[in-house]
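A.B. asks: Quick one: this structure, given as structure tokens, is what I'll be asking you about.
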Amino acid sequence: MFESAADNSSILSIDLGLLIGLLVMGRLLDPLQALDRILFGSTAGALLMMYALWRWHDTLPTFAFSIQILWEYFFFALEALAIVYTLMSIVILFRNIDRSGQADAAQSRMEHEGDFPPVDVFICTYDEPLEILERSVLTALALDYPTATVWVLDDTRRKWLREYCEAVGARYVTRDNNRDAKAGNLNNGLAVTAAQTNAPLILVLDADFAPRPDFLKRTVGLLSNPDVAVVQTPQFYYNPDPIQHNLLAAQSWVDDQRFFFDVFQPAKDAWGCAFCVGTSFVVRRDRLTEIGGFPSQAISEDINLTYTMLANGYQTWWLNEKLSIGLSAEGIPEYITQRARWCLGTIQVALLRDGPLFGSGFTFTQRWHYLHGVLNWFCKPFLVLLLIAPPIYWFAGMPAFETNYLSFLRYGVPALLSQIIYMAWISRSRTLPFFMEATHAVTAFAVTVTLLSAAVKPFGRPFKVTDKGGDRSAHRTHWKLASVFGLISLSSAVSIVWAFVSPYAASEISSLDFFNLLWAGIAMLIAFIAFLVCFELPRGEALFAVDEAAILALDDDVISALVTGLSTSTAQISLNRNVPARLSNQTVQLYLDALGWIEAEVSSCSEAAIGLCLRPTLTQHQQLVVRLFGTSYSNVADTASMSGAILGMLSRGFRGH
């Protein structure tokens with residue numbers, strides 16, 4: 001049915017022509033235009049479907065109960081799930097909506113009429129230290145909105161936090177138990193505030209998220225539509241996640257959630273299926289009361305909230321603007337725990353009797369979108385198989401599927417090229433091949449274990465909070481995970497060598513062997529990138545890149561300076577003259593607009609640049625927190641760069657610790 005080209009040159013000519021055509025499409029088409037999205041997506045989808053048909057028709061042996069054949073069919077079954085998920089993704093991405101224009105009109109109307117509905121700001125905290133929590137509290141108190149009340153919902157009953165809230169002007173709420181985890185904490189806050197302020201709108205923030213001053217002005221007006229129950233904004237981070245940080249790629253590789261927040265959610269919103277993501281959203285109190293409060297049947301109260309609202313006829317709107325920044329998971333264990341919790345929560349909501357798959361009140365589109373979200377997690381085991389398949393072939397003699405490299409060049413490579421180029425185009429350079437797969441590989445084993453355990457016991461597991469803050473100044477090595485990826489990478493490398501030096505090796509490499517050699521090389525690279533991530537580099541306090549004029553008082557000399565890096569405790573200063581080395585450890589004064597003179601100590605000197613350890617007063621410290629975290633500074637890349645990512649990885653590989 002599927003004939004291969006006669007020789008290498010004709011196949012390569014076809015692939016090269018296809019590559020050029022795809023690149024031309026990427027240059028000529030606009031991902032913001034609906035027809036262009038449909039055209040490019042349909043092209044990529046057609047090539048993927050052709051590959052899937054080829055796989056089914058030409059690469060599967062006649063079914064029989066043997067280990068080898070069962071292995072091939074098992075591999076194909078999981079691959080088919082990944083293909084279905086990808087095709088569903090392409091269809092979802094046919095649409096897109098940008099609600100910034102609606103937010104502009106709603107804000108103008110609200111400001112013109114002077115009608116600012118009261119808002120209760122809920123800051124959910126469990127055990128975060130003050131250095132993290134104060135960023136949310138102080139920036140929430142600085143919101144440019146006349147009728148907002150800040151409530152700190154403390155689920156660990158800390159006396160010092162109560163005293164801190166009293167000192168800065170926030171209200172403090174706690175409870176005598178931790179029933180229903182975050183959902184229970186929110187519902188307790190809902191009940192307490194109903195008896196006091198009873199604001200019609202509620203802004204929910206996690207303890208590490210800092211809102212921009214205009215957050216409420218940009219979102220509240222959208223909720224005047226009675227059909228809209230939730231307005232959700234994306235999550236941005238002021239620090240690199242463990243993948244970016246440990247690969248020295250914070251300026252060249254975006255975090256794994258950017259594609260979801262910046263591309264997928266606006267597309268889902270256009271279908272009426274955007275969903276709440278747990279923080280930085282505003283919700284109507286009357287709609288919450290109508291559904292009985294924040295849902296607590298699953299650990300993912302956020303997506304459960306949206307689908308409960310959908311069942312009652314209310315929508316979640318996505319406002320794709322950078323209105324808050326938070327702290328990304330800082331370590332690999334926390335990063336993996338977070339993803340595993342999201343996976344389990346998604347499965348739990350799917351299994352609820354009144355959930356989007358089995359409950360009533362949902363449209364076909366809404367159920368279909370939720371199934372797409374479930375398949376996202378079911379694709380992770382396939383990535384595990386992709387990594388371990390080459391060693392299984394070389395050492396056990398069992399191919400994952402039977403083909404030759406010529407056939408794969410004819411049907412597999414076009415599908416791969418189309419997906420890589422399409423995803424880079426639709427995401428506007430937020431994806432990179434190999435690095436994206438390595439990012440997902442880091443969590444793939446844990447997610448696979450979570451799926452297996454959920455098949456046995458989906459409910460009754462404790463809510464695992466993502467630990468944030470604390471001392472990150474030392475190197476950390478996660479040996480168990482490193483050994484897994486090290487073994488995969490090493491076994492793939494050994495299998496390549498074994499193909500040539502084995503006493504059983506054929507005098508000439510077969511096309512099937514050649515195909516699996518290429519596969520082993522790719523698996524080795526992906527596993528090696530994941531292996532490097534397991535060796536964590538130290539972190540310091542977030543230092544924001546700024547460009548701000550300042551004045552520096554050195555001895556009796558007052559000179560102009562330029563602040564290039566700033567945190568709440570340090571500053572990097574550029575001067576227009578060389579700095580004498582004798583200034584090290586000397587006390588100086590730094591003048592910043594709106595903060596005045598700040599005492600500091602010189603910590604480093606380098607030609608015309610110096611580093612300072614700041615000694616701000618309490619008031620200055622609080623002003624610095626609001627300035628840095630309330631203005632949505634970012635220290636991570638918005639788009640990806642392959643050259644930068646490769647250089648960072650190579651630097652990390654040779655640098656080690």
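Identifiers in this document derive from the order of the structure tokens: chains are assigned A, B, ..., residues are numbered from 1 separately in each chain, and ligands are numbered from 1 in order of occurrence.
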So that I can check the secondary structure, give me every residue of segment 351-600 of chain A assigned alpha helix (DSSP H) by backbone DSSP, as a PyMOL selection string.
C.D. replies: chain A and resi 351+364-378+380-396+405-407+413-426+435-456+479-501+511-533
A.B. asks: Quick one: contact table of segment 121-153 of chain A to segment 273-293 of chain A, 12 Å max, nearest atom pair and distance in Å to one decimal per residue, counting only C-alpha atoms, chain and number order, as JSON lines?
C.D. replies:
{"residue": "A:Val121", "atom": "CA", "partner": "A:Val282", "partner_atom": "CA", "distance": 8.9}
{"residue": "A:Phe122", "atom": "CA", "partner": "A:Thr279", "partner_atom": "CA", "distance": 9.8}
{"residue": "A:Ile123", "atom": "CA", "partner": "A:Thr279", "partner_atom": "CA", "distance": 9.1}
{"residue": "A:Cys124", "atom": "CA", "partner": "A:Thr279", "partner_atom": "CA", "distance": 9.1}
{"residue": "A:Thr125", "atom": "CA", "partner": "A:Thr279", "partner_atom": "CA", "distance": 11.7}
{"residue": "A:Ser136", "atom": "CA", "partner": "A:Ser280", "partner_atom": "CA", "distance": 10.8}
{"residue": "A:Ala140", "atom": "CA", "partner": "A:Ser280", "partner_atom": "CA", "distance": 11.2}
A.B. asks: Running DSSP on the backbone, which parts of segment 144-322 of chain A land in strand (DSSP E or B), as a PyMOL selection string?
C.D. replies: chain A and resi 148-154+171-174+201-206+210-211+228-232+237+281-284+315-318
A.B. asks: Could you dump the residues just selected with C-alpha atoms as a PDB file, in the first residue's frame?
C.D. replies:
ATOM      1  CA  ALA A 148      -9.805  45.760  47.513  1.00  0.00           C
ATOM      2  CA  THR A 149      -9.299  43.958  50.833  1.00  0.00           C
ATOM      3  CA  VAL A 150      -6.323  41.625  51.217  1.00  0.00           C
ATOM      4  CA  TRP A 151      -6.871  38.399  53.165  1.00  0.00           C
ATOM      5  CA  VAL A 152      -4.024  36.022  53.994  1.00  0.00           C
ATOM      6  CA  LEU A 153      -5.437  32.492  54.316  1.00  0.00           C
ATOM      7  CA  ASP A 154      -2.926  30.661  56.511  1.00  0.00           C
ATOM      8  CA  ARG A 171      -6.298  40.658  57.260  1.00  0.00           C
ATOM      9  CA  TYR A 172      -5.463  37.223  58.602  1.00  0.00           C
ATOM     10  CA  VAL A 173      -7.611  34.074  58.463  1.00  0.00           C
ATOM     11  CA  THR A 174      -6.838  30.563  59.628  1.00  0.00           C
ATOM     12  CA  LEU A 201     -15.510  39.350  43.417  1.00  0.00           C
ATOM     13  CA  ILE A 202     -12.546  37.336  44.678  1.00  0.00           C
ATOM     14  CA  LEU A 203      -8.976  37.438  43.419  1.00  0.00           C
ATOM     15  CA  VAL A 204      -7.091  34.234  44.246  1.00  0.00           C
ATOM     16  CA  LEU A 205      -3.292  34.273  44.511  1.00  0.00           C
ATOM     17  CA  ASP A 206      -0.872  31.564  45.531  1.00  0.00           C
ATOM     18  CA  ALA A 210       2.808  38.931  43.015  1.00  0.00           C
ATOM     19  CA  PRO A 211       0.140  40.885  41.100  1.00  0.00           C
ATOM     20  CA  VAL A 228     -18.518  34.731  32.869  1.00  0.00           C
ATOM     21  CA  ALA A 229     -17.718  33.256  36.281  1.00  0.00           C
ATOM     22  CA  VAL A 230     -13.906  33.254  36.150  1.00  0.00           C
ATOM     23  CA  VAL A 231     -11.297  35.420  34.459  1.00  0.00           C
ATOM     24  CA  GLN A 232      -7.968  33.620  34.427  1.00  0.00           C
ATOM     25  CA  TYR A 237       7.882  33.328  36.637  1.00  0.00           C
ATOM     26  CA  PHE A 281      -7.710  34.518  38.664  1.00  0.00           C
ATOM     27  CA  VAL A 282     -10.811  36.481  39.634  1.00  0.00           C
ATOM     28  CA  VAL A 283     -14.083  34.669  40.362  1.00  0.00           C
ATOM     29  CA  ARG A 284     -17.613  35.871  41.114  1.00  0.00           C
ATOM     30  CA  GLN A 315     -17.604  30.325  31.392  1.00  0.00           C
ATOM     31  CA  THR A 316     -13.933  30.835  32.213  1.00  0.00           C
ATOM     32  CA  TRP A 317     -12.321  33.558  30.116  1.00  0.00           C
ATOM     33  CA  TRP A 318      -8.594  33.727  29.474  1.00  0.00           C
TER      34      TRP A 318
END
A.B. asks: When you count only C-alpha atoms, which of these residues is closest to Leu628 of chain A: A:Asn578, A:Ser66, A:Ser569, A:Gln102?
C.D. replies: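 Looking only at the distances to Leu628 of chain A, the closest residue turns out to be A:Ser569.
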A.B. asks: Which residues, written as a VMD selection string, have at least one atom at most 7 Å from segment 334-347 of chain A, with only C-alpha atoms counted and residues fewer than 3 positions away on the same chain left out?
C.D. replies: chain A and resid 298 to 300 329 to 331 350 to 351 374 377 443 446 to 447 450 454 466 to 467
A.B. asks: How about saving the chosen residues, C-alpha atoms kept, as a compact mmCIF listing (two decimals), in the first residue's frame?
C.D. replies:
# COMPACT_ATOMS: atom_id res chain seq x y z
CA ALA A 298 -10.22 16.34 43.56
CA ILE A 299 -6.80 17.75 44.40
CA SER A 300 -6.97 19.95 41.27
CA ALA A 329 9.59 25.26 41.26
CA GLU A 330 13.25 25.66 42.19
CA GLY A 331 14.39 22.05 42.49
CA ALA A 350 -12.16 12.90 34.90
CA LEU A 351 -13.41 10.08 37.15
CA VAL A 374 -6.26 13.57 29.99
CA TRP A 377 -0.70 12.80 30.65
CA THR A 443 8.85 13.98 34.68
CA ALA A 446 7.06 9.91 37.79
CA VAL A 447 3.93 10.64 35.75
CA THR A 450 1.27 8.21 39.04
CA ALA A 454 -4.19 6.08 39.93
CA THR A 466 5.31 22.27 46.14
CA ASP A 467 8.08 23.36 48.51
A.B. asks: Pick from A:Leu32, A:Ile67, A:Val349, A:Leu487: nearest to Ala396 of chain A, with only C-alpha atoms counted?
C.D. replies: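 The shortest atom-to-atom distance to Ala396 of chain A comes from A:Ile67.
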